Amino acid sequence: MTELAHGDVEQAFFGWSTEERALTLLWNSFPDPDMASMWLRRLEPHVRLIGVGDVSPPAVAWSYLEFGDSSVLLRRVAVGDSSGRNNAHALVGALDLSAAFELLRWKGWSDSVPHATVRPEPASKGDMADVLRGQAERIEQATATVLAKLIEYPERPLSVIGCPRGYEIAMVWCLRAAGDRYLREKGVARSWSFTTYAERHDVTVRGGLPQLVFLPVRQTGAAVVDREVVVLDSESPTDVDGDAGRLVAHALRGAGSSETPVAARSSASTEPLQDAVRTDADTRQKQHETAHPPTERTQASGRHMRSDTKSPASPRSLAENLVRAKKVADFDLYLTMVVEEGRRSQARGELRHALDLAAMDRVASRVEQRADLDLHKVITAAYGARYEDLAEPGVLRDAVKIIEHSRFERLAKAMGRAVAEVSKEQAEAAGYRRWLATSSIRQVRPLRPRTWAVVAVVMIALLTAVFLLGTAVDEPDAANAGDAGPGVTSLPGGPTPGPVVGQAELALVSERTHRVFAFAKAGDSYFPRQPCVSVDSRWHCMGSAAPAAEDTATLVAIPVPVNQVADLLRKAAKNEAAPRAPDWGGEAPVV
Amino acid sequence: MPAPRTVRCPICADPFAWPEGPEILIKDEDTGQYKPKDISPLSPEKQAFLLRQGYLECPNPSGDTPSHLLPATYVNYQDPLVIGLVGAPASGKTHLLTAMIRQAYRNGLDPYDISTTALDILRHDDFRSRYIEMFEKGAALPGTTVGVIEAADILLLRGPTGERPVTFFDVAGEDLASTAAENRSNRFLLGANAVIFVCEAEDPLETKRLTPAENKAFELAVERLRSVPGRVDQLPATIAVTKSDRLRYVPPADRWLRRGDERFVDPRRVQRESRDVFAYLSQTGAAASLLPFETFRRCTLHFVSASGGDAVPVNGQDGGSTGDGLEKYFPRGIRPTRVLEPLVAILAMTGVIPGAEADRVGRP
């Protein structure tokens with residue numbers, strides 16, 4: 001562990017001041033105001049996090065900047081007042097790059113104004129090097145391409161365009177581990193200052209840019225760029241047998257420098273560092289998602305994804321490329337990018353549009369031999385990390401369609417798990433309809449509606465169990481629980497009376513303002529059940545008809561204002577009655 | 001052989017003799033680098049075609065500014081007009097400029113017989129994709145990067161008096177409020193021949209907030225402009241009260257906002273609006289924002305609204321866990337109102353819009 005003497009490192013926190021009406025220093029540990037002013041001036045040009053057109057900035061961006069005897073490790077976060085008026089936390093002092101790497105996972109990084117000085121505690125040196133090496137292995141060829149440019153122009157500043165988001169620091173680590181000694185032997189002591197995200201890199205930026213800058217897209221406009229530029233999806237891949245390829249391979253796997261120990265490949269996380277913004281939402285997302293970094297040949301395969309527009313690729317074209325991917329490496333790359341895009345709620349609509357039933361089937365066909373994790377990633381990319389987009393009736397309808405009609409059981413189950421998060425009964429109903437559509441019963445002779453309903457009521461528990469059994473068996477938690485084997489897996493929904501599935505005919509004024517909700521009606525009491533879903537112009541509803549086992553009730557469908565749905569769901573969970581509100585629509589029986 | 005024309009570079013503010021050589025710089029789209037090209041062997045038509053997309057590097061005789069380019073045709077027209085936007089951070093400069101240029105492109109200057117096109121094609125393309133397109137999608141625009149010294153856009157206005165390049169500068173409010181003597185970002189003030197001072201409207205009854213006693217960005221800009229002898233007498237200025245949609249129920253702003261865009265130059269109407277804005281700013285304690293009016297001999301004041309409403313966070317108050325967590329948007333879309341009035345006033349005061357009526361604009 002690198003020792004940082006107390007007082008070696010000062011801290012500064014930047015953000016939008018409502019009093020000063022400026023992006024300024026909100027908190028600092030500098031011993032005197034003059035020093036604080038000096039660092040405000042120095043760091044002011046580096047603290048903003050601004051998107052480029054449609055391309056959003058990352059959630060977290062890191063910069064390592066050098067100012068004479070002092071260095072700065074700066075962490076910019078997409079938290080604050082507004083775009084370009086974000087928060088940023090800086091450590092200032094005698095930090096060499098190794099120390100900076102070790103501080104990347106310091107617990108004291110703050111997204112909001114710190115209340116006290118937390119002493120910087122670097123991670124163990126070996127730990128961080130292992131993490132970075134693990135990540136860098138996934139971008140080996142891209143790193144070699146960049147290193148080749150560095151070797152060609154050892155004293156020039158360099159911009160890298162198209163590095164997979166989240167792998168920039170690993171690339172810097174690898175470039176330095178591979179190239180520093182080599183360049184020194186050639187008489188060049190290169191500075192390794194860097195920023196993982198910049199929206200422009202022209203010469204007119206005050207304060208100067210670090211030596212190594214990562215940009216999401218090429219800079220347009222008329223400003224002069226006086227740097228070497230590597231565009232990873234258009235450069236020819238570097239010959240791995242060349243100097244750069246050998247140096248990178250040596251840094252990753254060979255013996256030699258302290259930065260590249262012979263140690264076996266670490267089992268440490270290869271999760272992208274840059275995404276490590278510490279918000280609760282992100283923590284939850286990370287629980288769902290293990291990053292799947294790109295593999296080698298990044299730039300070769302990436303060539304397909306660049307469109308002529310400023311953005312490297314639209315969410316839709318990324319999804320299309322994912323579906324079309326013929327190589328595992330390409331699939332991995334596009335999967336990573338689709339997952340990244342899926343974090344933006346605005347992009348998910350486009351992703352879902354591209355990932356329709358046929359496309360999802362093709363994706364499912366690619367992952368038959370691979371971990372189901374990949375399917376989970378695609379689904380969360382299209383529907384949100386917590387499947388929050390499924391709250392929209394249209395989106396839920398499409399998801400239900402995939403459950404019902406996918407050619408792949410694996411996909412149907414994965415989607416079933418997602419839908420069950422929002423509505424277990426919709427998942428059950430879709431599972432039932434899937435079974436019905438593929439079973440021999442339907443192929444022998446079509447059932448009349450009354451017969452269909454009877455069969456449904458009798459068989460529903462068994463049939464949904466058949467479907468959900470699969471999802472429960474596939475569910476890691478269920479599999480690990482150990483208290484119930486597959487044969488005794490209980491139906492979601494607990495011990496309430498068995499659900500009724502059926503259809504209702506009613507006209508909904510607008511899906512924007514209203515939802516059709518199923519209720520068990522007992523006398524004048526309405527027990528909310530769950531939202532109905534529209535399939536083929538009919539409302540498919542499901543729910544236990546009786547509030548309690550001994551009661552008699554009927555299942556009805558009623559349009560309700562959308563702002564009441566959350567409350568109805570809460571009541572449904574508690575099996576509580578809801579008073580009929582005057583703004584509910586007319587009811588229709590579920591038959 | 002005529003003497004080379006002397007121009008003042010809008011970016012570094014240095015005067016220099018425009019080189020008349022056959023070589024221009026053409027951007028290589030593959031590398032992003034500018035490469036010299038000798039156009040003398042080409043036919044006049046091809047020369048003109050390439051010139052329109054070519055650049056020349058400013059020699060920056062003072063040697064105090066990084067390399068910067070100007071369109072190769074920058075001097076082929078009448079004297080360039082350089083308009084700077086000055087205002088505190090988050091006062092709405094970028095939104096106003098974006099709405100203004102967008103409106104000009106939407107034939108908003110047609111009533112004055114003026115058409116708008118890009119003189120610097122690459123620069124305008126960048127401005128369009130970074131700002132205008134985002135604005136049209138209803139997105140709130142990001143805060144401007146601190147330290148940038150480049151012009152935001154360079155347009156060419158064709159009107160009754162000929163063709164005139166118009167360069168717009170929109171730098172970060174933090175730079176304008178910076179007291180650093182060598183801050184290059186506000187160097188454009190040296191070369192500006194018109195300034196739009198931007199202050200945001202606030203209804204004090206609603207915000208329950210005292211208006212600051214000082215407007216540092218205005219004060220520093222005015223002092224920097226004063227440092228050049230004679231500027232105060234010659235330089236036309238306007239004060240644009242942005243975000244006036246907040247005052248849509250507050251007289252007299254409501255009356256002006258309802259009028260929408262004007263169709264002709266009327267100095268009496270401009271004077272009435274200026275009087276109302278003056279009264280509003282005085283009444284709300286924003287006297288510091290009236291400094292340009294007290295300083296410059298020709299100054300007009302306007303109520304404007306670039307977006308028609310305030311922006312709200314895309315991901316709610318808590319923000320998001322990804323890079324779009326800071327993004328805001330205009331939930332009702334954008335409805336620019338009277339955004340061209342400050343520009344029309346400047347065009348009238350600088351002679352781009354000719355006539356006796358136009359000549360009286362901004363005069364006491």
# chains A, B, ... in the order shown; residues from 1 in each chain; ligands from 1
$ interface_residues --of "chain B" --to "chain A" --cutoff "7 Å" --atoms "only C-alpha atoms" --output "PyMOL selection string"
chain B and resi 33+66-69+89+122-123+125-126+129-130+134+142-150+174+319+321-328
$ residues_around --residues "Val560 of chain A" --least-positions-apart "4" --cutoff "7 Å" --atoms "only C-alpha atoms" --output "mmCIF file with C-alpha atoms, in the first residue's frame"
data_model
loop_
_atom_site.group_PDB
_atom_site.id
_atom_site.type_symbol
_atom_site.label_atom_id
_atom_site.label_comp_id
_atom_site.auth_asym_id
_atom_site.auth_seq_id
_atom_site.Cartn_x
_atom_site.Cartn_y
_atom_site.Cartn_z
ATOM 1 C CA HIS A 514 -56.196 5.152 -17.517
ATOM 2 C CA ARG A 515 -55.379 1.502 -16.878
ATOM 3 C CA VAL A 516 -57.762 -1.414 -16.898
ATOM 4 C CA PHE A 517 -57.572 -3.061 -13.512
ATOM 5 C CA GLN A 564 -54.487 5.372 -8.603
ATOM 6 C CA TRP A 584 -63.530 4.857 -12.285
ATOM 7 C CA GLY A 585 -65.063 3.730 -15.547
#
$ residues_around --residues "segment 215-217 of chain B" --least-positions-apart "4" --cutoff "9 Å" --atoms "only C-alpha atoms" --output "list in words"
Val86, Gly87, Ala88, Pro89, Gly173, Glu174, Asp175, Leu176, Ala177, Ser178, Cys199, Ala221, Val222, Ala286, Ala287, Ala288, Ser289 and Leu291 of chain B
$ write_last_selection --atoms "C-alpha atoms" --output "compact mmCIF listing (two decimals), in the first residue's frame"
# COMPACT_ATOMS: atom_id res chain seq x y z
CA VAL B 86 -22.46 38.72 -21.73
CA GLY B 87 -24.18 37.52 -18.60
CA ALA B 88 -23.85 35.69 -15.32
CA PRO B 89 -23.64 31.89 -15.25
CA GLY B 173 -20.52 33.12 -17.33
CA GLU B 174 -17.76 32.09 -14.95
CA ASP B 175 -15.21 33.39 -17.47
CA LEU B 176 -17.06 36.67 -17.82
CA ALA B 177 -17.10 37.08 -14.06
CA SER B 178 -13.44 36.12 -13.78
CA CYS B 199 -29.94 38.91 -17.35
CA ALA B 221 -17.51 43.45 -19.27
CA VAL B 222 -18.47 47.11 -19.26
CA ALA B 286 -31.86 44.76 -10.47
CA ALA B 287 -30.31 48.17 -11.00
CA ALA B 288 -26.93 46.54 -11.51
CA SER B 289 -28.28 45.02 -14.68
CA LEU B 291 -25.31 49.41 -16.09
$ residues_around --residues "Ala148 of chain A" --least-positions-apart "3" --cutoff "9 Å" --atoms "only C-alpha atoms" --output "list in words"
Thr143, Ala144, Thr145, Ile151, Glu152, Tyr153, Thr238, Gly242, Asp243, Ala244 and Gly245 of chain A
$ write_last_selection --atoms "C-alpha atoms" --output "PDB file, in the first residue's frame"
ATOM      1  CA  THR A 143      -4.634  -0.972 -26.199  1.00  0.00           C
ATOM      2  CA  ALA A 144      -1.954  -2.242 -28.550  1.00  0.00           C
ATOM      3  CA  THR A 145      -3.339  -0.023 -31.298  1.00  0.00           C
ATOM      4  CA  ILE A 151       5.415   4.690 -29.846  1.00  0.00           C
ATOM      5  CA  GLU A 152       5.174   6.412 -33.210  1.00  0.00           C
ATOM      6  CA  TYR A 153       4.643   9.840 -31.634  1.00  0.00           C
ATOM      7  CA  THR A 238      -2.213  -3.392 -34.716  1.00  0.00           C
ATOM      8  CA  GLY A 242       4.731  -5.869 -33.490  1.00  0.00           C
ATOM      9  CA  ASP A 243       6.409  -3.968 -30.674  1.00  0.00           C
ATOM     10  CA  ALA A 244       3.159  -2.581 -29.314  1.00  0.00           C
ATOM     11  CA  GLY A 245       1.407  -5.938 -29.312  1.00  0.00           C
TER      12      GLY A 245
END
$ decode --residues "segment 134-223 of chain B" --atoms "C-alpha atoms" --output "PDB file, in the first residue's frame"
ATOM      1  CA  MET B 134     -30.891  19.282 -28.731  1.00  0.00           C
ATOM      2  CA  PHE B 135     -32.969  22.383 -28.135  1.00  0.00           C
ATOM      3  CA  GLU B 136     -35.483  21.308 -30.760  1.00  0.00           C
ATOM      4  CA  LYS B 137     -35.795  17.973 -28.985  1.00  0.00           C
ATOM      5  CA  GLY B 138     -36.819  19.855 -25.874  1.00  0.00           C
ATOM      6  CA  ALA B 139     -33.567  19.281 -24.008  1.00  0.00           C
ATOM      7  CA  ALA B 140     -32.132  21.926 -21.739  1.00  0.00           C
ATOM      8  CA  LEU B 141     -28.688  22.917 -22.973  1.00  0.00           C
ATOM      9  CA  PRO B 142     -25.581  22.254 -20.879  1.00  0.00           C
ATOM     10  CA  GLY B 143     -23.590  24.920 -19.135  1.00  0.00           C
ATOM     11  CA  THR B 144     -20.878  26.270 -21.406  1.00  0.00           C
ATOM     12  CA  THR B 145     -17.373  24.891 -20.953  1.00  0.00           C
ATOM     13  CA  VAL B 146     -15.135  27.266 -19.041  1.00  0.00           C
ATOM     14  CA  GLY B 147     -12.065  28.495 -20.818  1.00  0.00           C
ATOM     15  CA  VAL B 148     -13.199  28.173 -24.410  1.00  0.00           C
ATOM     16  CA  ILE B 149     -12.100  31.049 -26.594  1.00  0.00           C
ATOM     17  CA  GLU B 150     -13.634  30.005 -29.889  1.00  0.00           C
ATOM     18  CA  ALA B 151     -16.553  31.762 -31.529  1.00  0.00           C
ATOM     19  CA  ALA B 152     -19.842  29.931 -31.172  1.00  0.00           C
ATOM     20  CA  ASP B 153     -21.008  30.461 -34.735  1.00  0.00           C
ATOM     21  CA  ILE B 154     -20.203  32.589 -37.776  1.00  0.00           C
ATOM     22  CA  LEU B 155     -23.146  33.362 -40.030  1.00  0.00           C
ATOM     23  CA  LEU B 156     -23.556  35.351 -43.201  1.00  0.00           C
ATOM     24  CA  LEU B 157     -26.479  37.744 -43.372  1.00  0.00           C
ATOM     25  CA  ARG B 158     -27.592  38.829 -46.838  1.00  0.00           C
ATOM     26  CA  GLY B 159     -29.718  41.934 -46.797  1.00  0.00           C
ATOM     27  CA  PRO B 160     -30.505  45.189 -48.512  1.00  0.00           C
ATOM     28  CA  THR B 161     -27.087  46.624 -47.706  1.00  0.00           C
ATOM     29  CA  GLY B 162     -25.142  43.606 -48.897  1.00  0.00           C
ATOM     30  CA  GLU B 163     -23.569  40.572 -47.298  1.00  0.00           C
ATOM     31  CA  ARG B 164     -22.202  40.788 -43.780  1.00  0.00           C
ATOM     32  CA  PRO B 165     -20.479  38.115 -41.677  1.00  0.00           C
ATOM     33  CA  VAL B 166     -21.788  37.950 -38.132  1.00  0.00           C
ATOM     34  CA  THR B 167     -19.725  36.212 -35.469  1.00  0.00           C
ATOM     35  CA  PHE B 168     -21.351  35.235 -32.188  1.00  0.00           C
ATOM     36  CA  PHE B 169     -19.446  34.653 -28.959  1.00  0.00           C
ATOM     37  CA  ASP B 170     -20.984  32.760 -26.089  1.00  0.00           C
ATOM     38  CA  VAL B 171     -18.502  32.035 -23.325  1.00  0.00           C
ATOM     39  CA  ALA B 172     -19.115  30.666 -19.852  1.00  0.00           C
ATOM     40  CA  GLY B 173     -20.517  33.116 -17.331  1.00  0.00           C
ATOM     41  CA  GLU B 174     -17.757  32.091 -14.946  1.00  0.00           C
ATOM     42  CA  ASP B 175     -15.214  33.387 -17.469  1.00  0.00           C
ATOM     43  CA  LEU B 176     -17.057  36.670 -17.822  1.00  0.00           C
ATOM     44  CA  ALA B 177     -17.096  37.081 -14.058  1.00  0.00           C
ATOM     45  CA  SER B 178     -13.445  36.119 -13.779  1.00  0.00           C
ATOM     46  CA  THR B 179     -11.123  38.792 -12.517  1.00  0.00           C
ATOM     47  CA  ALA B 180      -8.046  37.051 -13.915  1.00  0.00           C
ATOM     48  CA  ALA B 181      -6.263  39.627 -16.053  1.00  0.00           C
ATOM     49  CA  GLU B 182      -5.114  37.086 -18.612  1.00  0.00           C
ATOM     50  CA  ASN B 183      -8.355  35.192 -18.983  1.00  0.00           C
ATOM     51  CA  ARG B 184      -8.433  34.773 -22.743  1.00  0.00           C
ATOM     52  CA  SER B 185     -12.044  33.740 -22.823  1.00  0.00           C
ATOM     53  CA  ASN B 186     -13.305  37.286 -22.561  1.00  0.00           C
ATOM     54  CA  ARG B 187     -10.828  38.593 -25.126  1.00  0.00           C
ATOM     55  CA  PHE B 188     -13.653  38.707 -27.657  1.00  0.00           C
ATOM     56  CA  LEU B 189     -14.817  41.910 -25.991  1.00  0.00           C
ATOM     57  CA  LEU B 190     -11.880  43.690 -27.613  1.00  0.00           C
ATOM     58  CA  GLY B 191     -13.111  42.856 -31.072  1.00  0.00           C
ATOM     59  CA  ALA B 192     -16.857  42.982 -30.435  1.00  0.00           C
ATOM     60  CA  ASN B 193     -18.812  45.654 -32.227  1.00  0.00           C
ATOM     61  CA  ALA B 194     -22.079  44.893 -30.469  1.00  0.00           C
ATOM     62  CA  VAL B 195     -22.968  43.271 -27.163  1.00  0.00           C
ATOM     63  CA  ILE B 196     -26.089  41.541 -25.936  1.00  0.00           C
ATOM     64  CA  PHE B 197     -26.207  41.761 -22.148  1.00  0.00           C
ATOM     65  CA  VAL B 198     -28.257  38.915 -20.742  1.00  0.00           C
ATOM     66  CA  CYS B 199     -29.936  38.906 -17.348  1.00  0.00           C
ATOM     67  CA  GLU B 200     -32.591  36.508 -16.189  1.00  0.00           C
ATOM     68  CA  ALA B 201     -36.037  37.507 -15.097  1.00  0.00           C
ATOM     69  CA  GLU B 202     -37.192  36.620 -11.653  1.00  0.00           C
ATOM     70  CA  ASP B 203     -40.466  37.470 -10.065  1.00  0.00           C
ATOM     71  CA  PRO B 204     -39.373  38.526  -6.567  1.00  0.00           C
ATOM     72  CA  LEU B 205     -42.833  37.841  -5.220  1.00  0.00           C
ATOM     73  CA  GLU B 206     -42.395  34.258  -6.321  1.00  0.00           C
ATOM     74  CA  THR B 207     -38.747  33.666  -5.501  1.00  0.00           C
ATOM     75  CA  LYS B 208     -38.801  35.638  -2.228  1.00  0.00           C
ATOM     76  CA  ARG B 209     -35.175  36.348  -3.020  1.00  0.00           C
ATOM     77  CA  LEU B 210     -33.351  39.628  -3.013  1.00  0.00           C
ATOM     78  CA  THR B 211     -31.879  40.600  -6.336  1.00  0.00           C
ATOM     79  CA  PRO B 212     -28.085  40.771  -6.044  1.00  0.00           C
ATOM     80  CA  ALA B 213     -26.741  44.269  -5.673  1.00  0.00           C
ATOM     81  CA  GLU B 214     -24.050  43.602  -8.248  1.00  0.00           C
ATOM     82  CA  ASN B 215     -23.917  41.987 -11.639  1.00  0.00           C
ATOM     83  CA  LYS B 216     -20.272  41.043 -11.793  1.00  0.00           C
ATOM     84  CA  ALA B 217     -20.345  39.787 -15.363  1.00  0.00           C
ATOM     85  CA  PHE B 218     -21.922  43.040 -16.591  1.00  0.00           C
ATOM     86  CA  GLU B 219     -19.649  45.235 -14.542  1.00  0.00           C
ATOM     87  CA  LEU B 220     -16.437  43.556 -15.634  1.00  0.00           C
ATOM     88  CA  ALA B 221     -17.510  43.448 -19.266  1.00  0.00           C
ATOM     89  CA  VAL B 222     -18.465  47.115 -19.256  1.00  0.00           C
ATOM     90  CA  GLU B 223     -15.159  48.060 -17.687  1.00  0.00           C
TER      91      GLU B 223
END
